[in-house]
Structures are given as structure tokens and as C-alpha cells.
Amino acid sequence: MVAARKRTTGVTTRRAVHRPALFARCRLIRVRSSIHMTTKHRIFTTSFASVYPHYVAKAEKKGRKKSEVDALICWLTGYNQRELEGQLKKQKDFETFFSEAPKLNPARTLIKGVICGVRVEDIQEPTMREIRYLDKLVDELAKGKAMDQILRT
């Protein structure tokens with residue numbers, strides 16, 4: 001429905017203009033969004049190596065170091081520095097990166113808060129939750145939090 005302006009005696013009022021095509025499009029969108037989609041989110045197939053420089057750049061822009069970003073990733077996933085570099089060279093996607101992680105840190109469940117407008121603890125899909133945990137850790141690093149606080153020790 002689109003509002004049209006009608007001018008009567010110097011007073012502007014709004015009246016509704018009926019557009020059936022617009023309603024049909026809205027109804028179609030509602031139906032599509034209510035159907036459970038089985039396609040994966042695009043981030044799952046994105047190479048971790050392509051996003052990693054952005055994590056480092058975000059931290060360095062705020063005066064933090066690449067080694068601190070690496071420490072966060074290693075803490076979360078259980079990779080050591082050599083294994084992390086190997087994963088970056090292999091251009092593994094996020095889903096594979098987290099599924100091949102040696103030992104996900106059990107303290108990662110203590111990570112709480114909002115990232116990209118969504119509460120991290122409310123995310124149901126496990127891989128997406130791991131990705132958001134990493135995003136949250138990098139955000140906290142960029143905001144200047146101490147490493148001890150970030151690593152929940």
C-alpha cells in the first residue's frame with residue numbers, strides 16, 4: 001500500500017492507494033521466509049583466510065597486534081600457531097576450519113553479548129555460534145579489553 005497525498009483547502013492529508021501487486025509480493029516474501037531453507041549461510045563457505053586479514057586489520061587499527069589475534073584464535077579453536085598458519089595456507093572455509101579444530105575451548109560458552117545485532121548465546125546453529133564467538137573476541141580486543149578478560153581467565 002502506498003500513501004498518496006491529497007490536498008484539500010490547504011490541509012495535506014494522506015489516503016491509501018491500493019496496489020494488489022505490492023500485496024502479492026509481500027505475501028510471497030512472507031511465505032518464503034516461513035519455509036525452512038536448507039541452504040547454508042554464505043559465511044560457511046567463505047574462506048577463513050580471506051576474512052583473517054580483516055580481523056588483524058581491525059585489531060591493528062586500534063593499536064593491538066597480530067599476535068594477539070592469533071592468540072585469540074588459538075585459544076578458541078585449540079590450533080597452535082603452526083597449525084593456524086597451515087589452515088590459512090590451505091584456504092579452508094569457516095565450516096571446515098571449525099570442524100577440524102583440535103579442541104574447542106570449553107570456556108567459550110562464557111562469551112556473552114551482542115554481535116551483529118544478535119545475542120551470541122541465543123544462536124542455535126553451532127558453526128554460526130563459533131564464528132560469532134570469534135567475532136566477539138576480536139571486537140573485545142579492538143575495544144581495548146585486557147587479554148585476561150577476553151580469554152575469560
# chains A, B, ... in the order shown; residues from 1 in each chain; ligands from 1
>>> residues_around(residues="stretch 70-81 of chain A", least_positions_apart="5", cutoff="12 Å", atoms="only C-alpha atoms", output="ChimeraX atom specification")
/A:48,52-53,55-56,59,64-65,86-88,94,96-111,129-142,146-153
>>> write_last_selection(atoms="C-alpha atoms", output="CSV table (one decimal), in the first residue's frame")
chain,number,residue,atom,x,y,z
A,48,PHE,CA,38.8,-18.2,6.7
A,52,TYR,CA,41.6,-13.3,8.7
A,53,PRO,CA,43.3,-10.1,7.4
A,55,TYR,CA,40.3,-9.4,11.9
A,56,VAL,CA,44.0,-8.4,12.0
A,59,ALA,CA,42.8,-5.1,15.8
A,64,ARG,CA,46.6,-4.2,19.1
A,65,LYS,CA,48.9,-6.8,17.5
A,86,GLY,CA,48.6,-24.2,7.8
A,87,GLN,CA,44.8,-23.7,7.8
A,88,LEU,CA,45.4,-20.2,6.4
A,94,PHE,CA,34.8,-21.4,8.1
A,96,THR,CA,35.9,-26.8,7.8
A,97,PHE,CA,38.1,-24.6,9.9
A,98,PHE,CA,35.9,-25.1,13.0
A,99,SER,CA,35.0,-28.7,12.3
A,100,GLU,CA,38.8,-29.6,12.1
A,101,ALA,CA,39.7,-27.6,15.2
A,102,PRO,CA,41.7,-29.8,17.5
A,103,LYS,CA,39.8,-28.9,20.7
A,104,LEU,CA,37.3,-26.1,21.0
A,105,ASN,CA,37.8,-24.3,24.3
A,106,PRO,CA,35.0,-25.2,26.8
A,107,ALA,CA,35.3,-21.7,28.3
A,108,ARG,CA,34.0,-20.3,25.0
A,109,THR,CA,30.4,-20.7,26.4
A,110,LEU,CA,31.2,-17.9,28.8
A,111,ILE,CA,31.3,-15.4,25.9
A,129,ARG,CA,27.8,-19.6,17.0
A,130,GLU,CA,31.6,-20.4,16.8
A,131,ILE,CA,32.0,-17.8,14.1
A,132,ARG,CA,30.2,-15.2,16.2
A,133,TYR,CA,32.3,-16.2,19.2
A,134,LEU,CA,35.4,-15.4,17.2
A,135,ASP,CA,33.8,-12.1,16.0
A,136,LYS,CA,33.0,-11.2,19.6
A,137,LEU,CA,36.6,-11.9,20.8
A,138,VAL,CA,38.1,-9.7,18.1
A,139,ASP,CA,35.6,-6.9,18.9
A,140,GLU,CA,36.6,-7.1,22.5
A,141,LEU,CA,40.3,-7.0,21.6
A,142,ALA,CA,39.7,-3.9,19.4
A,146,ALA,CA,42.8,-6.8,28.6
A,147,MET,CA,43.6,-10.3,27.2
A,148,ASP,CA,42.9,-11.9,30.6
A,149,GLN,CA,39.3,-10.6,30.5
A,150,ILE,CA,38.9,-11.6,26.8
A,151,LEU,CA,40.1,-15.1,27.4
A,152,ARG,CA,37.7,-15.5,30.4
A,153,THR,CA,40.6,-16.4,32.8
>>> select_by_dssp(residues="stretch 72-143 of chain A", states="alpha helix (DSSP H)", output="number ranges by chain")
A: 72-77, 81-89, 94-99, 126-142
>>> write_last_selection(atoms="C-alpha atoms", output="PDB file, in the first residue's frame")
ATOM      1  CA  LEU A  72      42.522 -15.466  20.485  1.00  0.00           C
ATOM      2  CA  ILE A  73      42.019 -17.828  17.557  1.00  0.00           C
ATOM      3  CA  CYS A  74      44.298 -20.452  19.100  1.00  0.00           C
ATOM      4  CA  TRP A  75      42.535 -20.130  22.467  1.00  0.00           C
ATOM      5  CA  LEU A  76      39.120 -20.587  20.860  1.00  0.00           C
ATOM      6  CA  THR A  77      39.969 -23.441  18.483  1.00  0.00           C
ATOM      7  CA  GLN A  81      50.475 -21.214  15.669  1.00  0.00           C
ATOM      8  CA  ARG A  82      51.891 -23.656  13.083  1.00  0.00           C
ATOM      9  CA  GLU A  83      48.509 -25.359  12.569  1.00  0.00           C
ATOM     10  CA  LEU A  84      46.768 -21.990  12.260  1.00  0.00           C
ATOM     11  CA  GLU A  85      49.183 -20.907   9.539  1.00  0.00           C
ATOM     12  CA  GLY A  86      48.616 -24.248   7.788  1.00  0.00           C
ATOM     13  CA  GLN A  87      44.850 -23.690   7.811  1.00  0.00           C
ATOM     14  CA  LEU A  88      45.366 -20.220   6.354  1.00  0.00           C
ATOM     15  CA  LYS A  89      47.593 -21.594   3.570  1.00  0.00           C
ATOM     16  CA  PHE A  94      34.846 -21.418   8.056  1.00  0.00           C
ATOM     17  CA  GLU A  95      32.844 -24.618   8.397  1.00  0.00           C
ATOM     18  CA  THR A  96      35.892 -26.818   7.787  1.00  0.00           C
ATOM     19  CA  PHE A  97      38.104 -24.566   9.895  1.00  0.00           C
ATOM     20  CA  PHE A  98      35.908 -25.058  12.959  1.00  0.00           C
ATOM     21  CA  SER A  99      35.044 -28.724  12.295  1.00  0.00           C
ATOM     22  CA  PRO A 126      26.731 -24.481  16.129  1.00  0.00           C
ATOM     23  CA  THR A 127      29.073 -23.319  13.361  1.00  0.00           C
ATOM     24  CA  MET A 128      27.492 -19.871  13.223  1.00  0.00           C
ATOM     25  CA  ARG A 129      27.822 -19.632  17.012  1.00  0.00           C
ATOM     26  CA  GLU A 130      31.565 -20.435  16.771  1.00  0.00           C
ATOM     27  CA  ILE A 131      32.014 -17.781  14.074  1.00  0.00           C
ATOM     28  CA  ARG A 132      30.199 -15.217  16.219  1.00  0.00           C
ATOM     29  CA  TYR A 133      32.301 -16.189  19.249  1.00  0.00           C
ATOM     30  CA  LEU A 134      35.385 -15.352  17.208  1.00  0.00           C
ATOM     31  CA  ASP A 135      33.834 -12.072  16.026  1.00  0.00           C
ATOM     32  CA  LYS A 136      33.015 -11.152  19.616  1.00  0.00           C
ATOM     33  CA  LEU A 137      36.560 -11.921  20.797  1.00  0.00           C
ATOM     34  CA  VAL A 138      38.081  -9.737  18.068  1.00  0.00           C
ATOM     35  CA  ASP A 139      35.604  -6.949  18.881  1.00  0.00           C
ATOM     36  CA  GLU A 140      36.565  -7.059  22.547  1.00  0.00           C
ATOM     37  CA  LEU A 141      40.251  -6.966  21.599  1.00  0.00           C
ATOM     38  CA  ALA A 142      39.671  -3.938  19.365  1.00  0.00           C
TER      39      ALA A 142
END
>>> atom_distance(atom1="atom CA of A:Glu121", atom2="atom CA of A:Val51")
22.5 Å
>>> atom_distance(atom1="atom CA of A:Ser67", atom2="atom CA of A:Asp93")
21.5 Å
